[in-house]
file run_23.txt (compact mmCIF, C-alpha atoms)
# COMPACT_ATOMS: atom_id res chain seq x y z
CA MET B 194 -5.25 67.55 0.07
CA TRP B 195 -1.73 66.49 -1.01
CA CYS B 196 -2.53 62.94 0.09
CA MET B 197 -5.63 62.91 -2.10
CA ILE B 198 -3.72 64.19 -5.13
CA ALA B 199 -0.94 61.68 -4.53
CA ALA B 200 -3.53 58.89 -4.22
CA ASP B 201 -5.22 60.00 -7.45
CA ARG B 202 -1.88 60.02 -9.25
CA SER B 203 -1.08 56.61 -7.88
CA ASP B 204 -4.45 55.28 -9.07
CA ASP B 205 -3.89 56.83 -12.50
CA ALA B 206 -0.44 55.29 -12.73
CA ALA B 207 -1.76 51.87 -11.74
CA GLU B 208 -4.61 52.10 -14.25
CA ARG B 209 -2.17 53.23 -16.96
CA GLN B 210 0.17 50.39 -16.10
CA ALA B 211 -2.74 47.92 -16.30
CA GLN B 212 -3.73 49.26 -19.73
CA LEU B 213 -0.20 48.94 -21.06
CA LEU B 214 0.13 45.47 -19.61
CA ARG B 215 -3.13 44.35 -21.21
CA GLY B 216 -1.67 44.85 -24.66
CA CYS B 217 1.52 42.90 -24.14
CA LEU B 218 1.08 40.41 -21.31
CA ASP B 219 0.32 37.46 -23.58
CA MET B 220 3.53 38.14 -25.51
CA CYS B 221 5.52 38.40 -22.29
CA LEU B 222 4.09 35.10 -21.07
CA LEU B 223 5.19 33.48 -24.32
CA ALA B 224 8.64 34.97 -23.88
CA LEU B 225 8.90 33.69 -20.31
CA LEU B 226 7.77 30.22 -21.40
CA ALA B 227 10.24 30.31 -24.30
CA ALA B 228 12.99 30.76 -21.73
CA GLU B 229 11.77 27.85 -19.62
CA PRO B 230 8.52 25.89 -19.16
CA ALA B 231 6.61 26.77 -16.00
CA HIS B 232 3.36 26.23 -14.18
CA GLY B 233 0.80 28.99 -13.69
CA TYR B 234 1.81 30.53 -10.40
CA GLU B 235 5.51 30.19 -11.28
CA LEU B 236 4.74 32.51 -14.18
CA VAL B 237 3.28 35.00 -11.71
CA ARG B 238 6.55 34.93 -9.79
CA ARG B 239 8.60 35.35 -12.97
CA LEU B 240 6.55 38.36 -14.04
CA ASP B 241 7.22 39.92 -10.65
CA THR B 242 10.94 39.18 -10.95
CA ALA B 243 10.96 40.63 -14.48
CA GLY B 244 9.74 43.91 -13.03
CA PHE B 245 6.05 43.95 -13.87
CA GLY B 246 5.14 44.11 -10.21
CA THR B 247 2.43 41.91 -8.86
CA VAL B 248 0.34 40.51 -11.69
CA SER B 249 -2.36 38.35 -10.19
CA TYR B 250 -2.81 34.69 -10.93
CA GLY B 251 -6.40 35.62 -11.74
CA THR B 252 -5.00 37.59 -14.69
CA VAL B 253 -2.39 35.07 -15.78
CA TYR B 254 -4.44 31.87 -15.73
CA PRO B 255 -7.18 33.02 -18.15
CA LEU B 256 -4.46 34.26 -20.51
CA ILE B 257 -2.72 30.89 -20.42
CA THR B 258 -6.10 29.32 -21.15
CA ARG B 259 -6.37 31.49 -24.26
CA LEU B 260 -2.80 30.75 -25.38
CA HIS B 261 -3.54 27.06 -24.92
CA ARG B 262 -6.75 27.34 -26.97
CA LEU B 263 -4.81 29.05 -29.74
CA GLY B 264 -2.28 26.24 -29.73
CA LEU B 265 0.58 28.53 -28.72
CA VAL B 266 1.31 26.66 -25.50
CA ALA B 267 0.92 23.02 -24.54
CA ASN B 268 0.93 21.48 -21.12
CA VAL B 269 2.28 18.33 -19.56
CA LEU B 270 1.64 16.92 -16.11
CA GLN B 271 4.80 16.77 -14.10
CA PRO B 272 4.91 14.58 -10.97
CA SER B 273 5.51 16.43 -7.73
CA SER B 274 6.83 15.19 -4.41
CA SER B 275 4.50 17.53 -2.52
CA GLY B 276 1.00 16.87 -3.80
CA PRO B 277 -0.77 16.35 -7.10
CA PRO B 278 1.05 16.58 -10.45
CA ARG B 279 1.77 20.10 -11.69
CA LYS B 280 0.56 21.24 -15.06
CA VAL B 281 3.65 22.67 -16.71
CA TYR B 282 3.21 24.89 -19.75
CA ARG B 283 5.70 25.06 -22.60
CA LEU B 284 5.77 26.83 -25.93
CA THR B 285 4.71 24.95 -29.03
CA ASP B 286 6.39 25.46 -32.40
CA THR B 287 3.45 27.63 -33.43
CA GLY B 288 3.89 29.60 -30.21
CA ARG B 289 7.57 30.13 -30.95
CA ASP B 290 6.78 31.41 -34.45
CA ARG B 291 4.05 33.67 -33.11
CA LEU B 292 6.36 35.05 -30.44
CA GLN B 293 8.90 35.95 -33.12
CA VAL B 294 6.25 37.84 -35.11
CA TRP B 295 4.88 39.59 -32.04
CA ARG B 296 8.38 40.52 -30.88
CA GLU B 297 9.22 42.18 -34.22
CA GLN B 298 5.89 43.97 -34.20
CA TRP B 299 6.49 45.18 -30.65
CA VAL B 300 10.00 46.42 -31.38
CA HIS B 301 8.72 48.40 -34.36
CA PHE B 302 5.81 49.76 -32.37
CA ALA B 303 8.03 50.72 -29.43
CA ASP B 304 10.41 52.50 -31.83
CA VAL B 305 7.55 54.53 -33.23
CA VAL B 306 6.29 55.39 -29.75
CA ASN B 307 9.77 56.34 -28.53
CA THR B 308 10.39 58.48 -31.60
CA THR B 309 7.08 60.21 -31.09
CA LEU B 310 7.79 60.83 -27.44
CA ALA B 311 11.21 62.26 -28.33
CA ILE B 312 9.70 65.02 -30.46
CA ARG B 313 10.04 68.14 -28.40
CA SER B 314 7.47 70.84 -28.41
CA PRO B 315 8.83 74.22 -29.63
CA LYS B 316 9.99 76.64 -26.96
CA PRO B 317 7.87 79.75 -26.55
CA GLY B 318 10.71 81.91 -27.98
CA ASP B 319 10.91 79.77 -31.12
CA ASP B 320 7.49 80.85 -32.23
CA HIS B 321 7.87 81.98 -35.85
CA GLU B 322 4.40 83.31 -36.24
CA HIS B 323 4.39 87.07 -36.40
CA ALA B 324 1.57 89.46 -36.19
CA ASP B 325 0.93 91.06 -39.58
CA PRO B 326 0.74 94.82 -38.99
CA SER B 327 -1.02 95.39 -42.33
CA ARG B 328 -4.06 93.47 -41.10
CA MET J 240 -3.52 19.96 2.39
CA SER J 241 -6.75 18.36 3.45
CA THR J 242 -7.85 21.58 5.15
CA LEU J 243 -7.42 23.42 1.86
CA ILE J 244 -9.53 21.06 -0.19
CA PRO J 245 -12.83 22.54 1.06
CA ALA J 246 -11.55 25.95 -0.04
CA VAL J 247 -10.86 24.57 -3.52
CA ASP J 248 -14.29 22.94 -3.58
CA GLY J 249 -15.91 26.22 -2.58
CA LEU J 250 -14.12 28.15 -5.30
CA LEU J 251 -14.99 25.54 -7.90
CA ALA J 252 -18.64 25.64 -6.82
CA THR J 253 -18.62 29.44 -7.27
CA ALA J 254 -16.99 29.06 -10.69
CA ASP J 255 -19.47 26.39 -11.73
CA ARG J 256 -22.40 28.62 -10.78
CA GLU J 257 -21.00 31.36 -13.00
CA TRP J 258 -20.43 28.92 -15.87
CA ARG J 259 -23.99 27.67 -15.53
CA THR J 260 -25.25 31.25 -15.59
CA LEU J 261 -23.28 31.83 -18.77
CA GLY J 262 -24.99 28.81 -20.32
CA ILE J 263 -21.90 26.64 -20.73
CA ASN J 264 -22.79 23.02 -21.29
CA ARG J 265 -21.95 20.35 -18.76
CA ARG J 266 -19.13 18.74 -20.73
CA ASP J 267 -17.23 22.02 -21.05
CA ARG J 268 -17.90 22.91 -17.40
CA VAL J 269 -16.41 19.59 -16.31
CA THR J 270 -13.31 20.21 -18.43
CA LEU J 271 -12.85 23.76 -17.13
CA ALA J 272 -13.37 22.62 -13.53
CA ALA J 273 -10.92 19.72 -13.84
CA ASP J 274 -8.21 22.05 -15.18
CA LEU J 275 -8.82 24.62 -12.47
CA ARG J 276 -8.97 22.00 -9.73
CA GLY J 277 -5.58 20.64 -10.79
CA GLU J 278 -4.06 24.12 -10.69
CA LEU J 279 -5.55 25.06 -7.33
CA GLU J 280 -4.74 21.78 -5.62
CA ALA J 281 -1.16 21.95 -6.88
CA ALA J 282 -0.91 25.54 -5.70
CA ALA J 283 -2.34 24.60 -2.30
CA ALA J 284 0.21 21.79 -2.01
CA ASP J 285 2.95 24.35 -2.66
CA GLY J 286 1.68 26.53 0.15
CA PHE J 287 -0.40 29.06 -1.79
CA ASP J 288 -3.87 30.01 -0.64
CA PRO J 289 -6.24 29.16 -3.54
CA ALA J 290 -8.61 31.98 -2.59
CA GLU J 291 -5.78 34.51 -2.72
CA LEU J 292 -4.64 33.18 -6.08
CA LEU J 293 -8.02 33.81 -7.67
CA GLY J 294 -8.34 37.28 -6.17
CA SER J 295 -11.29 38.94 -4.53
CA ASP J 296 -13.79 38.10 -7.27
CA PRO J 297 -13.79 34.39 -8.18
CA THR J 298 -16.96 34.90 -10.22
CA GLU J 299 -15.21 37.37 -12.52
CA PHE J 300 -12.26 35.00 -12.70
CA ALA J 301 -14.54 32.15 -13.80
CA HIS J 302 -16.15 34.45 -16.36
CA ARG J 303 -12.77 35.34 -17.85
CA ILE J 304 -11.65 31.72 -18.04
CA ALA J 305 -14.81 30.84 -19.93
CA GLU J 306 -14.27 33.70 -22.37
CA GLU J 307 -10.62 32.92 -22.95
CA ALA J 308 -11.27 29.19 -23.32
CA GLY J 309 -13.69 30.00 -26.14
CA VAL J 310 -16.31 27.53 -24.96
CA GLU J 311 -19.73 27.65 -26.53
CA ARG J 312 -22.25 29.52 -24.45
CA THR J 313 -25.98 29.03 -24.51
CA PRO J 314 -27.58 31.49 -22.08
CA PRO J 315 -30.71 29.80 -20.72
CA ARG J 316 -33.01 32.89 -20.85
CA TYR J 317 -35.64 30.89 -19.02
CA GLY J 318 -37.68 33.94 -18.08
CA GLN J 319 -37.85 35.37 -21.59
CA ILE J 320 -38.58 32.03 -23.21
CA LEU J 321 -41.29 31.12 -20.70
CA GLY J 322 -42.80 34.59 -21.13
CA ALA J 323 -42.89 34.33 -24.92
CA ALA J 324 -44.28 30.79 -24.78
CA THR J 325 -47.00 31.83 -22.31
CA VAL J 326 -48.10 34.81 -24.39
CA GLY J 327 -48.11 32.71 -27.56
CA GLY J 328 -49.89 29.83 -25.81
CA VAL J 329 -52.61 32.01 -24.24
CA VAL J 330 -53.32 33.92 -27.46
CA SER J 331 -53.46 30.65 -29.41
CA PHE J 332 -55.69 29.10 -26.74
CA ILE J 333 -58.21 31.91 -27.09
CA LEU J 334 -58.08 31.86 -30.89
CA GLY J 335 -58.15 28.05 -30.92
CA TRP J 336 -61.24 27.91 -28.71
CA ALA J 337 -62.98 30.53 -30.80
CA LEU J 338 -62.15 28.61 -33.96
CA VAL J 339 -63.22 25.25 -32.53
CA LEU J 340 -66.51 26.65 -31.21
CA GLY J 341 -67.15 28.40 -34.51
CA LEU J 342 -66.47 25.23 -36.49
CA HIS J 343 -68.64 23.27 -34.07
CA ASP J 344 -71.56 25.61 -34.77
CA VAL J 345 -70.95 25.43 -38.52
CA PHE J 346 -70.79 21.63 -38.59
CA THR J 347 -73.78 21.07 -36.32
CA THR J 348 -75.82 23.45 -38.46
CA ALA J 349 -74.64 22.08 -41.81
CA PHE J 350 -74.66 18.38 -41.07
CA ASP J 351 -77.06 16.11 -39.28
CA LEU J 352 -75.74 12.65 -38.56
CA SER J 353 -78.03 9.76 -39.19
CA PRO J 354 -79.11 7.96 -36.00
CA ASP J 355 -77.65 4.80 -37.58
CA VAL J 356 -74.13 6.23 -37.38
CA HIS J 357 -72.56 5.43 -34.00
CA MET J 358 -69.76 7.80 -33.04
CA PRO J 359 -67.51 7.06 -30.05
CA THR J 360 -68.58 9.23 -27.13
CA LEU J 361 -65.09 10.59 -26.54
CA LEU J 362 -64.37 11.42 -30.17
CA GLY J 363 -66.02 14.83 -30.07
CA PRO J 364 -64.24 16.08 -26.91
CA ALA J 365 -60.96 14.51 -28.10
CA VAL J 366 -61.14 16.38 -31.41
CA MET J 367 -62.12 19.62 -29.69
CA TYR J 368 -59.53 19.51 -26.93
CA GLY J 369 -56.92 18.05 -29.28
CA SER J 370 -57.40 20.93 -31.71
CA VAL J 371 -56.98 23.44 -28.92
CA VAL J 372 -53.82 21.68 -27.70
CA VAL J 373 -52.40 21.73 -31.22
CA ALA J 374 -53.19 25.44 -31.47
CA VAL J 375 -51.55 26.16 -28.09
CA VAL J 376 -48.42 24.18 -28.97
CA ALA J 377 -48.14 25.83 -32.38
CA GLY J 378 -48.71 29.29 -30.93
CA ALA J 379 -46.18 28.81 -28.14
CA ILE J 380 -43.53 27.47 -30.52
CA LEU J 381 -44.10 30.23 -33.04
CA ALA J 382 -43.94 32.91 -30.36
CA VAL J 383 -40.69 31.54 -28.92
CA ARG J 384 -39.14 31.10 -32.36
CA VAL J 385 -39.97 34.65 -33.40
CA ALA J 386 -39.55 36.56 -30.13
CA GLN J 387 -36.36 34.74 -29.13
CA ARG J 388 -34.86 34.31 -32.60
CA ASP J 389 -31.54 35.76 -31.44
CA ALA J 390 -31.20 33.28 -28.54
CA PRO J 391 -28.48 30.70 -29.17
CA ARG J 392 -29.75 27.26 -30.27
CA ILE J 393 -33.36 28.39 -30.11
CA GLN J 394 -34.28 26.06 -32.98
CA HIS J 395 -33.25 23.11 -30.81
CA THR J 396 -35.43 24.44 -28.02
CA VAL J 397 -38.54 24.77 -30.19
CA ALA J 398 -37.97 21.27 -31.60
CA ARG J 399 -37.90 19.92 -28.06
CA MET J 400 -40.96 21.98 -27.13
CA ALA J 401 -42.81 20.31 -30.02
CA LEU J 402 -41.82 16.98 -28.54
CA LEU J 403 -42.54 17.71 -24.87
CA LEU J 404 -45.53 20.05 -24.91
CA PRO J 405 -48.22 17.68 -26.32
CA PRO J 406 -47.74 14.93 -23.70
CA ALA J 407 -47.28 17.54 -20.95
CA LEU J 408 -50.53 19.27 -21.91
CA ALA J 409 -52.33 15.93 -22.23
CA VAL J 410 -51.22 14.83 -18.78
CA SER J 411 -51.83 18.19 -17.11
CA THR J 412 -55.25 18.54 -18.76
CA ALA J 413 -56.15 15.05 -17.56
CA ALA J 414 -54.93 15.95 -14.07
CA ALA J 415 -57.01 19.13 -14.16
CA ALA J 416 -60.05 17.06 -15.23
CA VAL J 417 -59.51 14.69 -12.32
CA VAL J 418 -59.31 17.63 -9.93
CA GLY J 419 -62.46 19.08 -11.48
CA TRP J 420 -64.23 15.76 -11.01
CA ALA J 421 -63.02 15.57 -7.39
CA LEU J 422 -64.42 19.06 -6.80
CA GLY J 423 -67.78 18.03 -8.30
CA TYR J 424 -67.14 20.16 -11.40
CA ALA J 425 -67.59 23.23 -9.28
CA PHE J 426 -67.75 26.40 -11.34
CA ASN J 427 -66.30 28.80 -8.83
CA PRO J 428 -63.16 30.93 -9.27
CA LEU J 429 -61.07 28.79 -6.90
CA ALA J 430 -61.83 25.51 -8.67
CA ILE J 431 -61.34 27.01 -12.12
CA GLY J 432 -58.12 28.70 -10.95
CA VAL J 433 -56.70 25.44 -9.63
CA GLU J 434 -57.48 23.63 -12.89
CA VAL J 435 -55.94 26.42 -15.00
CA ALA J 436 -52.88 26.46 -12.74
CA ILE J 437 -52.36 22.72 -13.20
CA VAL J 438 -52.46 23.00 -17.00
CA LEU J 439 -50.26 26.09 -16.94
CA ALA J 440 -47.75 24.34 -14.66
CA GLY J 441 -47.50 21.44 -17.11
CA PHE J 442 -47.06 23.86 -19.99
CA LEU J 443 -44.34 25.88 -18.24
CA ALA J 444 -42.54 22.77 -16.96
CA ALA J 445 -42.37 21.27 -20.45
CA THR J 446 -41.12 24.56 -21.94
CA ALA J 447 -38.47 24.99 -19.24
CA LEU J 448 -37.42 21.37 -19.67
CA ALA J 449 -37.07 21.88 -23.43
CA ARG J 450 -34.74 24.82 -22.84
CA TYR J 451 -32.82 23.03 -20.07
CA TRP J 452 -32.34 20.05 -22.38
CA THR J 453 -30.97 22.37 -25.06
CA VAL J 454 -28.64 24.22 -22.71
CA THR J 455 -27.20 21.11 -21.10
CA ALA J 456 -26.88 19.04 -24.27
CA PRO J 457 -23.39 18.90 -25.81
CA GLY J 458 -22.84 21.45 -28.58
CA THR J 459 -23.48 20.52 -32.14
call {"tool": "encode", "arguments": {"input": "run_23.txt", "output": "structure tokens"}}
result
Amino acid sequence: MWCMIAADRSDDAAERQAQLLRGCLDMCLLALLAAEPAHGYELVRRLDTAGFGTVSYGTVYPLITRLHRLGLVANVLQPSSSGPPRKVYRLTDTGRDRLQVWREQWVHFADVVNTTLAIRSPKPGDDHEHADPSR
Amino acid sequence: MSTLIPAVDGLLATADREWRTLGINRRDRVTLAADLRGELEAAAADGFDPAELLGSDPTEFAHRIAEEAGVERTPPRYGQILGAATVGGVVSFILGWALVLGLHDVFTTAFDLSPDVHMPTLLGPAVMYGSVVVAVVAGAILAVRVAQRDAPRIQHTVARMALLLPPALAVSTAAAAVVGWALGYAFNPLAIGVEVAIVLAGFLAATALARYWTVTAPGT
């Protein structure tokens, strides 16, 4: 029974984490590429190192495709000593500008969320509603 | 590395099937596949398993790439288009025959050609069958245009149907006539069924080809 509840909670947490990630992963990819150009599966490793856990390449590659379509990242082929050339992605100027906008938006949004989460619910003893005896 | 190439080829084949299903034209599929091949081969050279990279569902992966790349999609909808064309063609065939036979009765009653006027023997059948073919083509095109009006690039498909259907019907009708002649113009269900099937096959092949041509042609 406890195992089932723990598994359910774990599934919920993973699903919640995936939902949160969905809204900000493109921005995080831009931020990682702003730090240093990288190829696709290197980005997967960097996300893991950054603390996102394992984000699959199957999630990252389509997102890079979108960022490329939007002109936020560009790619260059870099020769490799161990096989075919690697496609290395880097931020474009437009991507850098967009990252700045998204970063400000995120910081504001996170502030609002944190402020909201910090609001404490009233303690049961603080209830100011009183029964009206005349009713 | 060489042992991993077949794995990359297999994954790309799976992705290409999905892209075809989505109705992505050949030029865009080639571009998407070339990009993905480069990534997977580079990953394989660095010791990653391409199949593991894409996850357990390469079809879903291919679907997402197509969506994120923003490529134009033209779903083939072969079944729906062939169905609409067949219904429109059959209804028009019946109405066309009724109209042609009615007009034939009217003209033969109203006019009497002088014996001095020599008409080519094949002119009468050519006009009759030609009128029916025109009716069938028009009915099929109209039905597809109306019933499938929300299908992407349907106007290109009907334009190509107008181009392909007349010769296809002419050839298949001629083939059916040859078969009828070979069977001694037998008037039994089997012989009639074979002749109808030949004409219908030509009609469906031309309609499917018109849609295939539209789907595979580069976007406008």
call {"tool": "closest_residue", "arguments": {"input": "run_23.txt", "among": "B:Cys221, B:Val306, B:Val248, B:Leu240", "to": "chain J", "atoms": "all atoms listed in the file"}}
result
B:Val248
call {"tool": "residues_around", "arguments": {"input": "run_23.txt", "residues": "Trp295 (chain B)", "least_positions_apart": "5", "cutoff": "10 Å", "atoms": "all atoms listed in the file", "output": "ChimeraX atom specification"}}
result
/B:217,219-221,223,289-290,300-301
call {"tool": "atom_distance", "arguments": {"input": "run_23.txt", "atom1": "CA of Gln293 (chain B)", "atom2": "CA of Leu275 (chain J)"}}
result
29.5 Å
call {"tool": "residues_around", "arguments": {"input": "run_23.txt", "residues": "Tyr317 (chain J)", "least_positions_apart": "4", "cutoff": "10 Å", "atoms": "only C-alpha atoms", "output": "PyMOL selection string"}}
result
chain J and resi 321-323+446-448+450-451
call {"tool": "closest_residue", "arguments": {"input": "run_23.txt", "among": "J:Ala382, J:Ala398, J:Ala290, J:Ile333", "to": "chain B", "atoms": "all atoms listed in the file"}}
result
J:Ala290
call {"tool": "interface_residues", "arguments": {"input": "run_23.txt", "of": "chain J", "to": "chain B", "cutoff": "10 Å", "atoms": "only C-alpha atoms", "output": "ChimeraX atom specification"}}
result
/J:240,271,274-275,277-287,289,291-297,299-310
call {"tool": "atom_distance", "arguments": {"input": "run_23.txt", "atom1": "CA of Glu229 (chain B)", "atom2": "CA of Arg276 (chain J)"}}
result
23.7 Å
call {"tool": "residues_around", "arguments": {"input": "run_23.txt", "residues": "Gln387 (chain J)", "least_positions_apart": "5", "cutoff": "10 Å", "atoms": "only C-alpha atoms", "output": "list in words"}}
result
Arg316, Gln319, Ile320, Ala323, Ala324, Leu381, Ala382, Ile393 and Gln394 of chain J
call {"tool": "atom_distance", "arguments": {"input": "run_23.txt", "atom1": "CA of Thr270 (chain J)", "atom2": "CA of Arg312 (chain J)"}}
result
14.2 Å
call {"tool": "residues_around", "arguments": {"input": "run_23.txt", "residues": "Arg265 (chain J)", "least_positions_apart": "2", "cutoff": "8 Å", "atoms": "all atoms listed in the file", "output": "CSV table (one decimal) with C-alpha atoms, keeping the file's coordinate frame"}}
result
chain,number,residue,atom,x,y,z
J,263,ILE,CA,-21.9,26.6,-20.7
J,267,ASP,CA,-17.2,22.0,-21.0
J,268,ARG,CA,-17.9,22.9,-17.4
J,269,VAL,CA,-16.4,19.6,-16.3
J,455,THR,CA,-27.2,21.1,-21.1
J,456,ALA,CA,-26.9,19.0,-24.3
J,457,PRO,CA,-23.4,18.9,-25.8
